[in-house]
file query27.pdb (PDB, C-alpha atoms)
MODEL        1
ATOM      1  CA  ASP Q   1      27.501 -39.128  -0.611
ATOM      2  CA  GLU Q   2      24.734 -39.610  -3.188
ATOM      3  CA  ILE Q   3      22.088 -39.780  -0.451
ATOM      4  CA  THR Q   4      23.381 -36.509   1.027
ATOM      5  CA  LYS Q   5      23.176 -34.794  -2.370
ATOM      6  CA  ARG Q   6      19.601 -36.016  -2.872
ATOM      7  CA  TYR Q   7      18.663 -34.946   0.647
ATOM      8  CA  ASP Q   8      20.200 -31.471   0.133
ATOM      9  CA  SER Q   9      18.408 -31.153  -3.202
ATOM     10  CA  PHE Q  10      15.104 -32.191  -1.594
ATOM     11  CA  ILE Q  11      15.526 -29.701   1.264
ATOM     12  CA  LYS Q  12      16.417 -26.903  -1.164
ATOM     13  CA  GLU Q  13      13.352 -27.700  -3.271
ATOM     14  CA  GLN Q  14      11.113 -27.742  -0.177
ATOM     15  CA  ASN Q  15      12.472 -24.384   1.009
ATOM     16  CA  GLU Q  16      11.852 -22.852  -2.419
ATOM     17  CA  LYS Q  17       8.261 -24.133  -2.350
ATOM     18  CA  ILE Q  18       7.747 -22.680   1.132
ATOM     19  CA  GLU Q  19       9.128 -19.303   0.045
ATOM     20  CA  ASP Q  20       6.954 -19.337  -3.079
ATOM     21  CA  THR Q  21       3.841 -20.202  -1.045
ATOM     22  CA  LEU Q  22       4.612 -17.450   1.471
ATOM     23  CA  GLU Q  23       5.117 -14.953  -1.356
ATOM     24  CA  LYS Q  24       1.768 -15.895  -2.921
ATOM     25  CA  ALA Q  25       0.019 -15.663   0.452
ATOM     26  CA  THR Q  26       1.331 -12.187   1.292
ATOM     27  CA  LYS Q  27       1.700 -10.399  -2.055
ATOM     28  CA  ASP Q  28      -0.662  -9.063  -4.690
ATOM     29  CA  PRO Q  29       0.143 -10.952  -7.920
ATOM     30  CA  LEU Q  30      -0.276  -7.943 -10.221
ATOM     31  CA  THR Q  31       1.643  -5.239  -8.360
ATOM     32  CA  ASP Q  32       3.899  -7.312  -6.084
ATOM     33  CA  LEU Q  33       2.758  -5.102  -3.186
ATOM     34  CA  TYR Q  34       1.622  -6.655   0.087
ATOM     35  CA  ASN Q  35      -2.026  -7.745   0.215
ATOM     36  CA  ARG Q  36      -4.738  -7.019   2.791
ATOM     37  CA  GLU Q  37      -4.244 -10.312   4.637
ATOM     38  CA  PHE Q  38      -0.603  -9.458   5.229
ATOM     39  CA  LEU Q  39      -1.589  -5.958   6.389
ATOM     40  CA  SER Q  40      -4.019  -7.378   8.961
ATOM     41  CA  GLU Q  41      -1.460  -9.736  10.454
ATOM     42  CA  TYR Q  42       1.381  -7.227  10.346
ATOM     43  CA  ALA Q  43      -0.666  -4.359  11.782
ATOM     44  CA  GLU Q  44      -1.942  -6.466  14.674
ATOM     45  CA  LYS Q  45       1.626  -7.302  15.690
ATOM     46  CA  VAL Q  46       2.987  -3.757  15.206
ATOM     47  CA  LEU Q  47       0.092  -2.076  17.003
ATOM     48  CA  LYS Q  48       0.662  -4.319  20.046
ATOM     49  CA  GLU Q  49       4.372  -3.422  20.057
ATOM     50  CA  ASN Q  50       3.639   0.291  19.659
ATOM     51  CA  ARG Q  51       1.189   0.319  22.568
ATOM     52  CA  ARG Q  52       4.180  -0.407  24.793
ATOM     53  CA  LYS Q  53       6.553   2.002  23.018
ATOM     54  CA  GLY Q  54       4.078   4.855  22.588
ATOM     55  CA  GLU Q  55       5.096   5.554  18.979
ATOM     56  CA  SER Q  56       2.810   6.885  16.236
ATOM     57  CA  ILE Q  57       1.732   5.090  13.098
ATOM     58  CA  ALA Q  58       0.252   6.732  10.030
ATOM     59  CA  LEU Q  59      -2.202   4.814   7.903
ATOM     60  CA  ILE Q  60      -2.597   6.407   4.484
ATOM     61  CA  PHE Q  61      -5.525   5.313   2.326
ATOM     62  CA  LEU Q  62      -4.983   6.168  -1.355
ATOM     63  CA  ASP Q  63      -7.375   5.844  -4.269
ATOM     64  CA  LEU Q  64      -6.878   6.576  -7.960
ATOM     65  CA  ASP Q  65      -9.363   9.155  -9.248
ATOM     66  CA  ASN Q  66     -11.017   8.361 -12.605
ATOM     67  CA  PHE Q  67      -9.230   5.014 -12.912
ATOM     68  CA  LYS Q  68     -12.337   3.264 -14.249
ATOM     69  CA  SER Q  69     -12.041   5.346 -17.415
ATOM     70  CA  VAL Q  70      -8.614   3.781 -18.103
ATOM     71  CA  ASN Q  71     -10.108   0.282 -18.174
ATOM     72  CA  ASP Q  72     -13.184   1.474 -20.083
ATOM     73  CA  ASN Q  73     -11.336   3.485 -22.745
ATOM     74  CA  TYR Q  74      -7.964   1.718 -23.043
ATOM     75  CA  GLY Q  75      -8.669  -1.827 -21.815
ATOM     76  CA  HIS Q  76      -7.773  -3.831 -18.742
ATOM     77  CA  GLU Q  77      -4.257  -4.581 -19.957
ATOM     78  CA  GLU Q  78      -3.505  -0.852 -20.026
ATOM     79  CA  GLY Q  79      -5.215  -0.474 -16.633
ATOM     80  CA  ASP Q  80      -2.936  -3.174 -15.237
ATOM     81  CA  LYS Q  81       0.111  -1.293 -16.547
ATOM     82  CA  VAL Q  82      -1.079   1.866 -14.793
ATOM     83  CA  LEU Q  83      -1.587  -0.035 -11.528
ATOM     84  CA  LYS Q  84       1.904  -1.548 -11.772
ATOM     85  CA  ASN Q  85       3.428   1.876 -12.423
ATOM     86  CA  VAL Q  86       1.522   3.433  -9.511
ATOM     87  CA  ALA Q  87       2.649   0.568  -7.269
ATOM     88  CA  GLU Q  88       6.263   1.246  -8.244
ATOM     89  CA  MET Q  89       5.827   4.967  -7.547
ATOM     90  CA  LEU Q  90       4.381   4.169  -4.128
ATOM     91  CA  LYS Q  91       7.256   1.823  -3.268
ATOM     92  CA  ASN Q  92       9.756   4.486  -4.332
ATOM     93  CA  SER Q  93       7.978   7.268  -2.417
ATOM     94  CA  PHE Q  94       8.111   5.584   0.964
ATOM     95  CA  ARG Q  95      10.815   4.066   3.122
ATOM     96  CA  ASP Q  96      11.770   0.391   2.987
ATOM     97  CA  GLN Q  97      10.307  -0.175   6.465
ATOM     98  CA  ASP Q  98       6.907   1.247   5.435
ATOM     99  CA  ILE Q  99       4.361  -1.335   4.339
ATOM    100  CA  VAL Q 100       2.719  -0.560   0.988
ATOM    101  CA  VAL Q 101      -0.427  -2.570   0.278
ATOM    102  CA  ARG Q 102      -2.726  -2.981  -2.682
ATOM    103  CA  TYR Q 103      -5.950  -2.972  -0.720
ATOM    104  CA  GLY Q 104      -8.164  -3.723  -3.696
ATOM    105  CA  GLY Q 105      -8.809  -2.545  -7.250
ATOM    106  CA  ASP Q 106      -7.274   0.925  -7.422
ATOM    107  CA  GLU Q 107      -7.008   1.391  -3.635
ATOM    108  CA  PHE Q 108      -3.740   1.325  -1.727
ATOM    109  CA  ILE Q 109      -2.706   1.623   1.914
ATOM    110  CA  VAL Q 110       0.611   2.705   3.357
ATOM    111  CA  PHE Q 111       1.306   1.712   6.968
ATOM    112  CA  ALA Q 112       4.200   3.774   8.342
ATOM    113  CA  GLN Q 113       5.707   4.120  11.805
ATOM    114  CA  LEU Q 114       6.503   7.787  12.342
ATOM    115  CA  ASN Q 115       7.626  10.322  14.877
ATOM    116  CA  ARG Q 116       5.864  13.710  15.137
ATOM    117  CA  VAL Q 117       8.212  15.473  12.697
ATOM    118  CA  GLN Q 118       7.767  12.739  10.102
ATOM    119  CA  VAL Q 119       3.974  13.133  10.228
ATOM    120  CA  TYR Q 120       4.376  16.668   8.877
ATOM    121  CA  GLU Q 121       6.917  15.501   6.272
ATOM    122  CA  LEU Q 122       4.388  12.924   5.119
ATOM    123  CA  HIS Q 123       2.180  15.587   3.561
ATOM    124  CA  LYS Q 124       5.106  16.790   1.425
ATOM    125  CA  VAL Q 125       5.761  13.227   0.229
ATOM    126  CA  LEU Q 126       2.091  12.740  -0.634
ATOM    127  CA  LYS Q 127       1.814  16.060  -2.477
ATOM    128  CA  SER Q 128       4.898  15.137  -4.524
ATOM    129  CA  LEU Q 129       3.356  11.724  -5.263
ATOM    130  CA  GLN Q 130       0.104  13.377  -6.380
ATOM    131  CA  ASN Q 131       2.016  15.643  -8.765
ATOM    132  CA  ARG Q 132       4.014  12.742 -10.251
ATOM    133  CA  ILE Q 133       0.911  10.641 -10.804
ATOM    134  CA  GLU Q 134      -0.937  13.517 -12.453
ATOM    135  CA  ASP Q 135       2.086  14.265 -14.670
ATOM    136  CA  ASN Q 136       2.777  10.634 -15.627
ATOM    137  CA  PHE Q 137      -0.850   9.718 -16.282
ATOM    138  CA  GLN Q 138      -2.106  12.977 -17.736
ATOM    139  CA  LYS Q 139      -3.104  11.054 -20.882
ATOM    140  CA  TYR Q 140      -5.701   9.147 -18.836
ATOM    141  CA  GLY Q 141      -6.894  12.049 -16.697
ATOM    142  CA  ILE Q 142      -6.247  10.207 -13.442
ATOM    143  CA  SER Q 143      -4.986  11.572 -10.160
ATOM    144  CA  ILE Q 144      -4.820  10.289  -6.607
ATOM    145  CA  SER Q 145      -6.703  11.174  -3.449
ATOM    146  CA  TYR Q 146      -5.650  10.190   0.049
ATOM    147  CA  GLY Q 147      -6.640  10.304   3.675
ATOM    148  CA  ILE Q 148      -4.446   9.836   6.733
ATOM    149  CA  SER Q 149      -5.283   8.482  10.163
ATOM    150  CA  ILE Q 150      -2.843   8.438  13.057
ATOM    151  CA  TYR Q 151      -2.428   5.766  15.730
ATOM    152  CA  PRO Q 152      -2.981   6.227  18.679
ATOM    153  CA  LEU Q 153      -4.286   9.778  18.262
ATOM    154  CA  GLU Q 154      -7.374   8.886  16.218
ATOM    155  CA  ALA Q 155      -7.819   5.147  16.715
ATOM    156  CA  ASN Q 156      -6.201   2.141  18.353
ATOM    157  CA  ASN Q 157      -7.012  -0.643  15.887
ATOM    158  CA  LEU Q 158      -6.575  -1.277  12.181
ATOM    159  CA  GLU Q 159     -10.251  -1.328  11.225
ATOM    160  CA  VAL Q 160     -10.945   2.107  12.688
ATOM    161  CA  LEU Q 161      -7.713   3.544  11.272
ATOM    162  CA  ILE Q 162      -8.788   2.366   7.802
ATOM    163  CA  TYR Q 163     -12.310   3.723   8.284
ATOM    164  CA  ILE Q 164     -11.040   7.177   9.304
ATOM    165  CA  ALA Q 165      -8.423   7.386   6.527
ATOM    166  CA  ASP Q 166     -10.974   6.191   3.933
ATOM    167  CA  LYS Q 167     -13.470   8.802   5.090
ATOM    168  CA  LYS Q 168     -10.825  11.561   4.852
ATOM    169  CA  MET Q 169      -9.851  10.342   1.383
ATOM    170  CA  TYR Q 170     -13.457  10.624   0.168
ATOM    171  CA  GLU Q 171     -13.672  14.131   1.654
ATOM    172  CA  GLN Q 172     -10.601  15.061  -0.406
ATOM    173  CA  LYS Q 173     -12.245  13.573  -3.540
ATOM    174  CA  LYS Q 174     -15.360  15.697  -2.923
ATOM    175  CA  ARG Q 175     -13.264  18.863  -2.499
ATOM    176  CA  LYS Q 176     -11.446  18.110  -5.769
ATOM    177  CA  LYS Q 177     -14.752  17.718  -7.638
ATOM    178  CA  LEU Q 178     -16.049  20.996  -6.181
ATOM    179  CA  ASP Q 179     -12.823  22.762  -7.195
ATOM    180  CA  GLU Q 180     -13.192  21.417 -10.771
ATOM    181  CA  ASN Q 181     -16.686  22.898 -11.063
TER     182      ASN Q 181
ENDMDL
END
call {"tool": "encode", "arguments": {"input": "query27.pdb", "output": "structure tokens"}}
result
Amino acid sequence: DEITKRYDSFIKEQNEKIEDTLEKATKDPLTDLYNREFLSEYAEKVLKENRRKGESIALIFLDLDNFKSVNDNYGHEEGDKVLKNVAEMLKNSFRDQDIVVRYGGDEFIVFAQLNRVQVYELHKVLKSLQNRIEDNFQKYGISISYGISIYPLEANNLEVLIYIADKKMYEQKKRKKLDEN
């Protein structure tokens, strides 16, 4: 009986270590969003499945505008708080089955399987998110810009989807700066 208890305890401890290691390997430690490595593995699998099904996937590349000024003027601790809050807003803005990723620094990616109607709804969700971020972080003068690429319409692999969405996001940033002037 004692050996069984020890064995069960050992197995439980091993499983907890495995779960912890998996969590650290797939999640960003600051925001608890998925990381880029997870996105690469997940996207490869999902894109293969969707080639057979013929479904669309939206890749949304988001970047915080003027975020550097938060770290410069308020410190990195305050910048981290902003990133955590933005991460929470992103998680709450999208469905549970959508993958939200902290791609790096103040860049995020959302990977969402969609039908044609949902692609149009996506713009409403993103506009609402932009408004909430601008309202909540007005003190810092930050906002968010985004670009969307659609699989298989615009690209058939993750790298090109990211490239297209990133390019569209920077075009939106340029338009915003022109509108401000």
call {"tool": "residues_around", "arguments": {"input": "query27.pdb", "residues": "stretch 63-72 of chain Q", "least_positions_apart": "3", "cutoff": "8 Å", "atoms": "only C-alpha atoms", "output": "number ranges by chain"}}
result
Q: 75-79, 106-108, 140-146, 169, 173
call {"tool": "residues_near_point", "arguments": {"input": "query27.pdb", "point": "(-0.8, 1.3, 20.2)", "cutoff": "6 Å", "atoms": "all atoms listed in the file", "output": "NGL selection string"}}
result
:Q and (47-48 or 50-51 or 152 or 156)
call {"tool": "resolve_selection", "arguments": {"input": "query27.pdb", "expression": "the PyMOL selection byres ((chain Q and resi 158) around 9)", "output": "number ranges by chain"}}
result
Q: 39-40, 43-44, 47, 59, 151, 155-157, 159-163
call {"tool": "write_last_selection", "arguments": {"input": "query27.pdb", "atoms": "C-alpha atoms", "output": "mmCIF file, in the frame of the given file"}}
result
data_model
loop_
_atom_site.group_PDB
_atom_site.id
_atom_site.type_symbol
_atom_site.label_atom_id
_atom_site.label_comp_id
_atom_site.auth_asym_id
_atom_site.auth_seq_id
_atom_site.Cartn_x
_atom_site.Cartn_y
_atom_site.Cartn_z
ATOM 1 C CA LEU Q 39 -1.589 -5.958 6.389
ATOM 2 C CA SER Q 40 -4.019 -7.378 8.961
ATOM 3 C CA ALA Q 43 -0.666 -4.359 11.782
ATOM 4 C CA GLU Q 44 -1.942 -6.466 14.674
ATOM 5 C CA LEU Q 47 0.092 -2.076 17.003
ATOM 6 C CA LEU Q 59 -2.202 4.814 7.903
ATOM 7 C CA TYR Q 151 -2.428 5.766 15.730
ATOM 8 C CA ALA Q 155 -7.819 5.147 16.715
ATOM 9 C CA ASN Q 156 -6.201 2.141 18.353
ATOM 10 C CA ASN Q 157 -7.012 -0.643 15.887
ATOM 11 C CA GLU Q 159 -10.251 -1.328 11.225
ATOM 12 C CA VAL Q 160 -10.945 2.107 12.688
ATOM 13 C CA LEU Q 161 -7.713 3.544 11.272
ATOM 14 C CA ILE Q 162 -8.788 2.366 7.802
ATOM 15 C CA TYR Q 163 -12.310 3.723 8.284
#
call {"tool": "atom_distance", "arguments": {"input": "query27.pdb", "atom1": "atom CA of Q:Val100", "atom2": "atom CA of Q:Lys124"}}
result
17.5 Å
call {"tool": "atom_distance", "arguments": {"input": "query27.pdb", "atom1": "atom CA of Q:Ala112", "atom2": "atom CA of Q:Gln97"}}
result
7.5 Å
call {"tool": "atom_distance", "arguments": {"input": "query27.pdb", "atom1": "atom CA of Q:Ile60", "atom2": "atom CA of Q:Glu88"}}
result
16.3 Å
call {"tool": "closest_residue", "arguments": {"input": "query27.pdb", "among": "Q:Lys17, Q:Lys168, Q:Lys5, Q:Arg95", "to": "Q:Gln113", "atoms": "only C-alpha atoms"}}
result
Q:Arg95
call {"tool": "resolve_selection", "arguments": {"input": "query27.pdb", "expression": "the PyMOL selection byres ((chain Q and resi 101) around 8)", "output": "list in words"}}
result
Leu33, Tyr34, Asn35, Arg36, Leu39, Ile99, Val100, Arg102, Tyr103, Phe108, Ile109 and Val110 of chain Q
call {"tool": "residues_near_point", "arguments": {"input": "query27.pdb", "point": "(0.2, 7.2, 15.6)", "cutoff": "7 Å", "atoms": "all atoms listed in the file", "output": "list in words"}}
result
Glu55, Ser56, Ile57, Ala58, Ile150, Tyr151, Pro152 and Leu153 of chain Q
